[in-house]
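Peer 1: Here you go, work-v6.txt (compact mmCIF, N, CA and C atoms):
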# COMPACT_ATOMS: atom_id res chain seq x y z
N MET A 22 -208.53 220.42 -7.35
CA MET A 22 -207.17 220.74 -7.76
C MET A 22 -207.14 222.01 -8.62
N GLN A 23 -208.08 222.06 -9.55
CA GLN A 23 -208.11 223.21 -10.44
C GLN A 23 -208.44 224.50 -9.67
N GLY A 24 -209.28 224.40 -8.62
CA GLY A 24 -209.62 225.54 -7.79
C GLY A 24 -208.41 226.07 -7.04
N LYS A 25 -207.56 225.15 -6.55
CA LYS A 25 -206.36 225.58 -5.83
C LYS A 25 -205.39 226.29 -6.77
N LEU A 26 -205.25 225.79 -7.99
CA LEU A 26 -204.38 226.45 -8.97
C LEU A 26 -204.87 227.87 -9.27
N MET A 27 -206.17 228.02 -9.35
CA MET A 27 -206.76 229.33 -9.63
C MET A 27 -206.46 230.28 -8.47
N ILE A 28 -206.62 229.82 -7.24
CA ILE A 28 -206.34 230.67 -6.08
C ILE A 28 -204.87 231.06 -6.03
N TYR A 29 -203.97 230.09 -6.27
CA TYR A 29 -202.54 230.40 -6.29
C TYR A 29 -202.22 231.42 -7.38
N GLY A 30 -202.85 231.28 -8.53
CA GLY A 30 -202.62 232.23 -9.62
C GLY A 30 -203.04 233.63 -9.25
N VAL A 31 -204.20 233.78 -8.60
CA VAL A 31 -204.69 235.08 -8.16
C VAL A 31 -203.74 235.68 -7.12
N ILE A 32 -203.28 234.86 -6.18
CA ILE A 32 -202.35 235.34 -5.15
C ILE A 32 -201.06 235.84 -5.78
N ILE A 33 -200.53 235.11 -6.74
CA ILE A 33 -199.29 235.51 -7.41
C ILE A 33 -199.48 236.84 -8.13
N VAL A 34 -200.59 237.00 -8.83
CA VAL A 34 -200.86 238.25 -9.55
C VAL A 34 -200.96 239.41 -8.57
N LEU A 35 -201.64 239.21 -7.43
CA LEU A 35 -201.76 240.27 -6.43
C LEU A 35 -200.39 240.64 -5.85
N LEU A 36 -199.56 239.66 -5.57
CA LEU A 36 -198.22 239.93 -5.06
C LEU A 36 -197.39 240.73 -6.05
N VAL A 37 -197.50 240.40 -7.32
CA VAL A 37 -196.75 241.12 -8.35
C VAL A 37 -197.24 242.57 -8.42
N LEU A 38 -198.56 242.77 -8.38
CA LEU A 38 -199.10 244.13 -8.44
C LEU A 38 -198.67 244.97 -7.24
N VAL A 39 -198.72 244.39 -6.05
CA VAL A 39 -198.29 245.12 -4.85
C VAL A 39 -196.81 245.44 -4.93
N ASN A 40 -196.00 244.50 -5.37
CA ASN A 40 -194.56 244.71 -5.49
C ASN A 40 -194.25 245.83 -6.48
N VAL A 41 -194.92 245.85 -7.61
CA VAL A 41 -194.70 246.89 -8.61
C VAL A 41 -195.11 248.25 -8.04
N SER A 42 -196.21 248.31 -7.28
CA SER A 42 -196.65 249.57 -6.69
C SER A 42 -195.63 250.10 -5.70
N VAL A 43 -195.09 249.23 -4.87
CA VAL A 43 -194.11 249.66 -3.88
C VAL A 43 -192.83 250.11 -4.55
N ILE A 44 -192.38 249.39 -5.56
CA ILE A 44 -191.16 249.79 -6.28
C ILE A 44 -191.36 251.14 -6.93
N GLY A 45 -192.54 251.40 -7.46
CA GLY A 45 -192.81 252.69 -8.08
C GLY A 45 -192.74 253.84 -7.09
N LEU A 46 -193.09 253.60 -5.82
CA LEU A 46 -193.03 254.65 -4.81
C LEU A 46 -191.62 254.93 -4.33
N GLU A 47 -190.72 253.97 -4.45
CA GLU A 47 -189.37 254.16 -3.93
C GLU A 47 -188.64 255.30 -4.62
N ASN A 48 -188.98 255.60 -5.84
CA ASN A 48 -188.29 256.65 -6.58
C ASN A 48 -188.78 258.04 -6.23
N ARG A 49 -189.84 258.13 -5.46
CA ARG A 49 -190.38 259.43 -5.09
C ARG A 49 -190.11 259.67 -3.61
N ALA A 50 -189.54 260.82 -3.31
CA ALA A 50 -189.24 261.13 -1.92
C ALA A 50 -190.52 261.40 -1.13
N LEU A 51 -191.45 262.12 -1.72
CA LEU A 51 -192.73 262.38 -1.10
C LEU A 51 -193.81 261.89 -2.05
N ALA A 52 -194.80 261.21 -1.54
CA ALA A 52 -195.87 260.70 -2.40
C ALA A 52 -197.22 261.14 -1.84
N CYS A 53 -198.15 261.40 -2.72
CA CYS A 53 -199.50 261.76 -2.32
C CYS A 53 -200.31 260.47 -2.25
N VAL A 54 -200.42 259.91 -1.06
CA VAL A 54 -201.07 258.62 -0.89
C VAL A 54 -202.58 258.80 -0.82
N ASP A 55 -203.06 259.71 0.04
CA ASP A 55 -204.50 259.95 0.17
C ASP A 55 -204.69 261.44 0.35
N CYS A 56 -204.77 262.15 -0.74
CA CYS A 56 -204.78 263.61 -0.67
C CYS A 56 -206.18 264.20 -0.55
N GLY A 57 -207.21 263.41 -0.69
CA GLY A 57 -208.56 263.94 -0.59
C GLY A 57 -208.82 264.97 -1.67
N GLY A 58 -209.68 265.90 -1.37
CA GLY A 58 -209.96 266.96 -2.32
C GLY A 58 -211.37 267.47 -2.17
N GLY A 59 -211.63 268.57 -2.84
CA GLY A 59 -212.94 269.17 -2.81
C GLY A 59 -212.88 270.65 -3.09
N VAL A 60 -214.05 271.27 -3.08
CA VAL A 60 -214.16 272.71 -3.30
C VAL A 60 -214.67 273.33 -2.01
N VAL A 61 -213.98 274.38 -1.57
CA VAL A 61 -214.35 275.09 -0.35
C VAL A 61 -214.77 276.50 -0.75
N ASP A 62 -215.98 276.89 -0.36
CA ASP A 62 -216.47 278.24 -0.64
C ASP A 62 -215.94 279.21 0.42
N LYS A 63 -215.33 280.29 -0.04
CA LYS A 63 -214.81 281.34 0.83
C LYS A 63 -215.11 282.69 0.21
N THR A 64 -215.28 283.69 1.08
CA THR A 64 -215.50 285.05 0.59
C THR A 64 -214.16 285.79 0.51
N PRO A 65 -214.08 286.87 -0.25
CA PRO A 65 -212.86 287.68 -0.24
C PRO A 65 -212.56 288.13 1.19
N SER A 66 -211.32 288.04 1.57
CA SER A 66 -210.79 288.40 2.88
C SER A 66 -211.15 287.39 3.99
N GLU A 67 -211.74 286.25 3.62
CA GLU A 67 -212.05 285.23 4.62
C GLU A 67 -210.83 284.34 4.86
N ALA A 68 -210.63 283.97 6.11
CA ALA A 68 -209.49 283.13 6.49
C ALA A 68 -209.73 281.67 6.11
N PHE A 69 -208.64 280.96 5.88
CA PHE A 69 -208.69 279.52 5.64
C PHE A 69 -207.46 278.88 6.29
N ALA A 70 -207.55 277.59 6.51
CA ALA A 70 -206.43 276.83 7.08
C ALA A 70 -206.19 275.60 6.22
N VAL A 71 -204.92 275.27 6.04
CA VAL A 71 -204.54 274.11 5.24
C VAL A 71 -203.66 273.21 6.10
N GLU A 72 -203.97 271.94 6.13
CA GLU A 72 -203.14 270.93 6.79
C GLU A 72 -202.81 269.86 5.77
N ILE A 73 -201.54 269.54 5.65
CA ILE A 73 -201.11 268.52 4.70
C ILE A 73 -200.19 267.54 5.42
N GLY A 74 -200.51 266.26 5.28
CA GLY A 74 -199.68 265.21 5.86
C GLY A 74 -198.63 264.76 4.86
N PHE A 75 -197.41 264.67 5.30
CA PHE A 75 -196.29 264.23 4.46
C PHE A 75 -195.70 262.96 5.07
N LYS A 76 -195.18 262.10 4.21
CA LYS A 76 -194.51 260.88 4.65
C LYS A 76 -193.28 260.66 3.79
N ASN A 77 -192.18 260.32 4.42
CA ASN A 77 -190.97 259.97 3.68
C ASN A 77 -191.10 258.50 3.28
N VAL A 78 -191.32 258.25 2.01
CA VAL A 78 -191.46 256.88 1.51
C VAL A 78 -190.14 256.36 0.96
N GLY A 79 -189.07 257.11 1.17
CA GLY A 79 -187.75 256.69 0.72
C GLY A 79 -187.06 255.82 1.77
N LYS A 80 -185.80 255.54 1.52
CA LYS A 80 -185.03 254.63 2.39
C LYS A 80 -184.05 255.36 3.31
N THR A 81 -183.88 256.68 3.11
CA THR A 81 -182.97 257.45 3.96
C THR A 81 -183.69 258.68 4.48
N GLU A 82 -183.10 259.32 5.49
CA GLU A 82 -183.66 260.56 5.99
C GLU A 82 -183.60 261.63 4.91
N GLY A 83 -184.63 262.46 4.85
CA GLY A 83 -184.66 263.52 3.85
C GLY A 83 -185.09 264.84 4.45
N THR A 84 -184.65 265.93 3.83
CA THR A 84 -185.04 267.28 4.24
C THR A 84 -185.55 268.01 3.00
N TRP A 85 -186.69 268.66 3.14
CA TRP A 85 -187.31 269.37 2.04
C TRP A 85 -187.71 270.77 2.49
N ARG A 86 -187.71 271.69 1.55
CA ARG A 86 -188.27 273.03 1.75
C ARG A 86 -189.65 272.96 1.12
N VAL A 87 -190.70 273.09 1.95
CA VAL A 87 -192.07 272.87 1.49
C VAL A 87 -192.85 274.18 1.58
N ASN A 88 -193.67 274.44 0.57
CA ASN A 88 -194.57 275.58 0.60
C ASN A 88 -195.82 275.24 -0.18
N ILE A 89 -196.85 276.03 0.03
CA ILE A 89 -198.10 275.85 -0.70
C ILE A 89 -198.51 277.17 -1.34
N ALA A 90 -199.40 277.04 -2.31
CA ALA A 90 -200.00 278.22 -2.94
C ALA A 90 -201.37 277.82 -3.46
N PHE A 91 -202.28 278.77 -3.46
CA PHE A 91 -203.52 278.62 -4.21
C PHE A 91 -203.32 279.43 -5.47
N GLU A 92 -203.44 278.77 -6.61
CA GLU A 92 -203.18 279.44 -7.89
C GLU A 92 -204.40 279.30 -8.80
N GLY A 93 -204.83 280.44 -9.32
CA GLY A 93 -205.94 280.47 -10.26
C GLY A 93 -205.66 281.48 -11.35
N GLU A 94 -206.58 281.58 -12.30
CA GLU A 94 -206.40 282.54 -13.38
C GLU A 94 -206.59 283.98 -12.90
N LYS A 95 -207.40 284.18 -11.86
CA LYS A 95 -207.74 285.54 -11.41
C LYS A 95 -207.04 285.96 -10.13
N TRP A 96 -206.56 285.00 -9.31
CA TRP A 96 -205.91 285.37 -8.06
C TRP A 96 -205.01 284.24 -7.58
N THR A 97 -204.05 284.63 -6.76
CA THR A 97 -203.15 283.65 -6.15
C THR A 97 -202.89 284.05 -4.69
N TRP A 98 -202.50 283.07 -3.93
CA TRP A 98 -202.06 283.29 -2.55
C TRP A 98 -200.91 282.33 -2.30
N THR A 99 -199.84 282.81 -1.65
CA THR A 99 -198.67 281.98 -1.37
C THR A 99 -198.42 281.94 0.12
N GLY A 100 -198.15 280.74 0.63
CA GLY A 100 -197.87 280.56 2.05
C GLY A 100 -196.43 280.87 2.39
N THR A 101 -196.08 280.60 3.63
CA THR A 101 -194.71 280.78 4.11
C THR A 101 -193.99 279.44 4.04
N PRO A 102 -192.81 279.38 3.41
CA PRO A 102 -192.09 278.10 3.29
C PRO A 102 -191.74 277.53 4.67
N GLN A 103 -191.74 276.21 4.74
CA GLN A 103 -191.39 275.49 5.97
C GLN A 103 -190.36 274.42 5.64
N ASN A 104 -189.47 274.15 6.59
CA ASN A 104 -188.51 273.06 6.44
C ASN A 104 -189.11 271.79 7.03
N LEU A 105 -188.92 270.68 6.34
CA LEU A 105 -189.44 269.39 6.76
C LEU A 105 -188.33 268.36 6.70
N THR A 106 -188.03 267.73 7.82
CA THR A 106 -187.04 266.66 7.87
C THR A 106 -187.74 265.41 8.39
N LEU A 107 -187.64 264.33 7.63
CA LEU A 107 -188.29 263.08 8.01
C LEU A 107 -187.35 261.89 7.84
N LYS A 108 -187.38 261.00 8.80
CA LYS A 108 -186.68 259.73 8.67
C LYS A 108 -187.54 258.80 7.81
N PRO A 109 -186.96 257.72 7.29
CA PRO A 109 -187.74 256.80 6.45
C PRO A 109 -189.01 256.32 7.16
N CYS A 110 -190.09 256.29 6.42
CA CYS A 110 -191.41 255.81 6.88
C CYS A 110 -192.04 256.70 7.94
N LYS A 111 -191.48 257.85 8.24
CA LYS A 111 -192.05 258.75 9.24
C LYS A 111 -192.93 259.80 8.56
N SER A 112 -193.91 260.29 9.32
CA SER A 112 -194.88 261.25 8.80
C SER A 112 -194.94 262.49 9.67
N LYS A 113 -195.43 263.57 9.07
CA LYS A 113 -195.63 264.82 9.81
C LYS A 113 -196.69 265.64 9.09
N ILE A 114 -197.47 266.36 9.86
CA ILE A 114 -198.48 267.27 9.29
C ILE A 114 -197.96 268.69 9.40
N LEU A 115 -197.98 269.40 8.28
CA LEU A 115 -197.63 270.82 8.26
C LEU A 115 -198.91 271.63 8.09
N LYS A 116 -198.93 272.82 8.69
CA LYS A 116 -200.12 273.67 8.66
C LYS A 116 -199.78 275.06 8.14
N TRP A 117 -200.71 275.62 7.39
CA TRP A 117 -200.61 276.99 6.91
C TRP A 117 -201.94 277.67 7.17
N ASN A 118 -201.90 278.97 7.46
CA ASN A 118 -203.10 279.79 7.58
C ASN A 118 -203.00 280.92 6.57
N GLY A 119 -204.13 281.24 5.96
CA GLY A 119 -204.12 282.30 4.97
C GLY A 119 -205.46 283.00 4.90
N THR A 120 -205.53 283.95 3.99
CA THR A 120 -206.73 284.73 3.77
C THR A 120 -206.94 284.88 2.27
N VAL A 121 -208.15 284.68 1.82
CA VAL A 121 -208.46 284.91 0.41
C VAL A 121 -208.23 286.39 0.13
N PRO A 122 -207.49 286.72 -0.93
CA PRO A 122 -207.22 288.14 -1.22
C PRO A 122 -208.51 288.96 -1.39
N VAL A 123 -208.48 290.17 -0.89
CA VAL A 123 -209.65 291.07 -0.97
C VAL A 123 -210.07 291.26 -2.42
N GLU A 124 -209.10 291.32 -3.33
CA GLU A 124 -209.40 291.57 -4.75
C GLU A 124 -209.79 290.31 -5.53
N ALA A 125 -209.92 289.16 -4.87
CA ALA A 125 -210.31 287.93 -5.56
C ALA A 125 -211.73 288.08 -6.11
N PRO A 126 -211.91 287.94 -7.43
CA PRO A 126 -213.23 288.14 -8.02
C PRO A 126 -214.23 287.05 -7.59
N ILE A 127 -215.47 287.46 -7.44
CA ILE A 127 -216.54 286.52 -7.11
C ILE A 127 -216.64 285.47 -8.23
N ASP A 128 -216.85 284.23 -7.85
CA ASP A 128 -217.00 283.07 -8.72
C ASP A 128 -215.69 282.61 -9.35
N SER A 129 -214.56 283.12 -8.87
CA SER A 129 -213.26 282.64 -9.35
C SER A 129 -212.82 281.48 -8.47
N VAL A 130 -211.87 280.70 -8.97
CA VAL A 130 -211.35 279.55 -8.23
C VAL A 130 -209.83 279.56 -8.27
N ALA A 131 -209.24 278.92 -7.27
CA ALA A 131 -207.79 278.73 -7.25
C ALA A 131 -207.52 277.35 -6.67
N ARG A 132 -206.53 276.68 -7.24
CA ARG A 132 -206.19 275.30 -6.87
C ARG A 132 -204.99 275.27 -5.93
N LEU A 133 -205.02 274.33 -4.99
CA LEU A 133 -203.93 274.16 -4.04
C LEU A 133 -202.76 273.43 -4.70
N ILE A 134 -201.59 274.06 -4.65
CA ILE A 134 -200.36 273.48 -5.20
C ILE A 134 -199.37 273.34 -4.05
N VAL A 135 -198.69 272.20 -3.97
CA VAL A 135 -197.66 271.97 -2.96
C VAL A 135 -196.31 271.98 -3.67
N TYR A 136 -195.41 272.83 -3.20
CA TYR A 136 -194.07 272.92 -3.76
C TYR A 136 -193.08 272.34 -2.75
N TYR A 137 -192.18 271.49 -3.24
CA TYR A 137 -191.10 270.96 -2.39
C TYR A 137 -189.86 270.81 -3.24
N ASP A 138 -188.78 271.45 -2.78
CA ASP A 138 -187.51 271.50 -3.51
C ASP A 138 -187.79 271.95 -4.94
N ASP A 139 -187.42 271.16 -5.95
CA ASP A 139 -187.63 271.56 -7.35
C ASP A 139 -188.88 270.92 -7.95
N SER A 140 -189.76 270.39 -7.13
CA SER A 140 -190.95 269.70 -7.62
C SER A 140 -192.22 270.39 -7.12
N PHE A 141 -193.34 269.98 -7.69
CA PHE A 141 -194.63 270.45 -7.19
C PHE A 141 -195.69 269.39 -7.47
N THR A 142 -196.75 269.45 -6.69
CA THR A 142 -197.90 268.56 -6.87
C THR A 142 -199.16 269.40 -6.74
N ALA A 143 -200.02 269.32 -7.75
CA ALA A 143 -201.31 270.01 -7.70
C ALA A 143 -202.31 269.06 -7.02
N LEU A 144 -202.84 269.49 -5.89
CA LEU A 144 -203.82 268.68 -5.18
C LEU A 144 -205.22 269.03 -5.66
N ASN A 145 -206.18 268.18 -5.36
CA ASN A 145 -207.55 268.40 -5.80
C ASN A 145 -208.36 269.18 -4.78
N TRP A 146 -207.74 270.22 -4.24
CA TRP A 146 -208.44 271.16 -3.36
C TRP A 146 -208.52 272.50 -4.07
N TRP A 147 -209.70 273.09 -4.02
CA TRP A 147 -209.95 274.37 -4.68
C TRP A 147 -210.66 275.31 -3.71
N ILE A 148 -210.34 276.60 -3.81
CA ILE A 148 -211.14 277.62 -3.12
C ILE A 148 -211.97 278.32 -4.19
N HIS A 149 -213.27 278.34 -3.95
CA HIS A 149 -214.23 279.02 -4.83
C HIS A 149 -214.66 280.30 -4.11
N VAL A 150 -214.48 281.44 -4.74
CA VAL A 150 -214.80 282.72 -4.12
C VAL A 150 -216.29 283.02 -4.33
N VAL A 151 -216.96 283.25 -3.20
CA VAL A 151 -218.40 283.51 -3.22
C VAL A 151 -218.66 284.88 -2.60
N PRO A 152 -219.83 285.47 -2.88
CA PRO A 152 -220.15 286.78 -2.30
C PRO A 152 -220.35 286.67 -0.78
N LYS A 153 -220.08 287.79 -0.10
CA LYS A 153 -220.29 287.81 1.36
C LYS A 153 -221.77 287.70 1.69
N ALA A 154 -222.60 288.33 0.90
CA ALA A 154 -224.04 288.25 1.08
C ALA A 154 -224.67 288.16 -0.30
N GLU A 155 -225.68 287.34 -0.40
CA GLU A 155 -226.33 287.17 -1.70
C GLU A 155 -227.81 286.93 -1.46
N LEU A 156 -228.62 287.69 -2.16
CA LEU A 156 -230.06 287.57 -2.02
C LEU A 156 -230.59 286.53 -3.00
N ALA A 157 -231.45 285.67 -2.50
CA ALA A 157 -232.09 284.66 -3.35
C ALA A 157 -233.60 284.77 -3.18
N ILE A 158 -234.32 284.64 -4.26
CA ILE A 158 -235.78 284.63 -4.20
C ILE A 158 -236.19 283.19 -3.91
N THR A 159 -236.94 283.02 -2.84
CA THR A 159 -237.34 281.68 -2.44
C THR A 159 -238.79 281.35 -2.76
N SER A 160 -239.60 282.38 -2.99
CA SER A 160 -240.98 282.11 -3.38
C SER A 160 -241.59 283.37 -3.99
N SER A 161 -242.68 283.17 -4.71
CA SER A 161 -243.42 284.32 -5.26
C SER A 161 -244.82 283.84 -5.63
N THR A 162 -245.74 284.77 -5.71
CA THR A 162 -247.10 284.44 -6.15
C THR A 162 -247.63 285.57 -7.03
N VAL A 163 -248.51 285.22 -7.91
CA VAL A 163 -249.21 286.18 -8.74
C VAL A 163 -250.67 285.75 -8.75
N GLN A 164 -251.59 286.70 -8.48
CA GLN A 164 -253.03 286.35 -8.46
C GLN A 164 -253.80 287.19 -9.42
Show me the file's structure as structure tokens.

Peer 2:
Amino acid sequence: MQGKLMIYGVIIVLLVLVNVSVIGLENRALACVDCGGGVVDKTPSEAFAVEIGFKNVGKTEGTWRVNIAFEGEKWTWTGTPQNLTLKPCKSKILKWNGTVPVEAPIDSVARLIVYYDDSFTALNWWIHVVPKAELAITSSTVQ
């Protein structure tokens, strides 16, 4: 009997937690559910591609003006704005292509920012600028 009460208690707590999580998402038109992240090494003037999946987690159809930028202390790059219209619970992937600026200093970084309407979200994607060619010493001997 005591085991069943314990199981029911755990189930109730899980239901409450899931319900609170879903209610919290209802107030946000776009939510970052699984944004991934990482650091991508690129050279100055090297091309890159960005794909971002969006989902309308609201209850009505919505339209947003969406754009991205890589922003850092030493360099920035801004994409071309796109219009996104989604019905409730529907998803779409938007794509941008860009090039690391020629003047981006070696060893600098810039973070991916997503702008939509009057809001923005900083994602955990970074471009790290690396040299086009770099010499490394791999061995040496002295006799």

Peer 1: Work out how far apart CA of Glu94 in chain A and atom N of Trp146 in chain A are and give it in Å to one decimal.

Peer 2: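 Between CA of Glu94 in chain A and atom N of Trp146 in chain A the gap works out to 15.4 Å.
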
Peer 1: Tell me, in Å to one decimal, how far CA of Val151 in chain A is from atom C of Ile89 in chain A.

Peer 2: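 If I compute the distance from CA of Val151 in chain A to atom C of Ile89 in chain A, I get 21.0 Å.
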
Peer 1: Would you mind reading off the distance between atom C of Thr84 in chain A and CA of Ala68 in chain A, one decimal, in Å?

Peer 2: 28.5 Å

Peer 1: A:Pro122, A:Pro109, A:Gly83, A:Pro102: which is nearest Ser66 in chain A, counting all atoms listed in the file?

Peer 2: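 Checking each candidate against Ser66 in chain A, we get A:Pro122 as the closest.
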
Peer 1: Which of these residues is nearest to His149 in chain A, using all atoms listed in the file: A:Gly74, A:Gly59, A:Gly79, A:Gly119?

Peer 2: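 Between A:Gly74, A:Gly59, A:Gly79, A:Gly119, the residue approaching His149 in chain A most closely is A:Gly59.
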
Peer 1: Point out the residue among A:Ile114, A:Val60, A:Ile73, A:Val87 with the least atom-to-atom distance to Arg132 in chain A, counting only C-alpha atoms.

Peer 2: A:Val60

Peer 1: Give the answer as one residue: which of A:Thr99, A:Thr162, A:Ser129, A:Asn77 has the shortest atom-to-atom distance to Lys111 in chain A, using only N, CA and C atoms?

Peer 2: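 Of the candidates, the smallest distance to Lys111 in chain A is held by A:Asn77.
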
Peer 1: Might you pull out every residue within 7 Å of Lys76 in chain A, with only C-alpha atoms counted and same-chain residues fewer than 5 positions away left off, and present them as a PDB file with N, CA and C atoms, in the frame of the given file?

Peer 2:
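The result, written out as around_20.pdb:
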ATOM      1  N   LEU A  51    -191.450 262.120  -1.720  1.00  0.00           N
ATOM      2  CA  LEU A  51    -192.730 262.380  -1.100  1.00  0.00           C
ATOM      3  C   LEU A  51    -193.810 261.890  -2.050  1.00  0.00           C
ATOM      4  N   CYS A 110    -190.090 256.290   6.420  1.00  0.00           N
ATOM      5  CA  CYS A 110    -191.410 255.810   6.880  1.00  0.00           C
ATOM      6  C   CYS A 110    -192.040 256.700   7.940  1.00  0.00           C
ATOM      7  N   LYS A 111    -191.480 257.850   8.240  1.00  0.00           N
ATOM      8  CA  LYS A 111    -192.050 258.750   9.240  1.00  0.00           C
ATOM      9  C   LYS A 111    -192.930 259.800   8.560  1.00  0.00           C
ATOM     10  N   SER A 112    -193.910 260.290   9.320  1.00  0.00           N
ATOM     11  CA  SER A 112    -194.880 261.250   8.800  1.00  0.00           C
ATOM     12  C   SER A 112    -194.940 262.490   9.670  1.00  0.00           C
ATOM     13  N   LYS A 113    -195.430 263.570   9.070  1.00  0.00           N
ATOM     14  CA  LYS A 113    -195.630 264.820   9.810  1.00  0.00           C
ATOM     15  C   LYS A 113    -196.690 265.640   9.090  1.00  0.00           C
TER      16      LYS A 113
END

Peer 1: Give the answer as one residue: which of A:Ile134, A:Leu144, A:Ala157, A:Leu107 has the shortest atom-to-atom distance to Trp85 in chain A, using only N, CA and C atoms?

Peer 2: A:Leu107
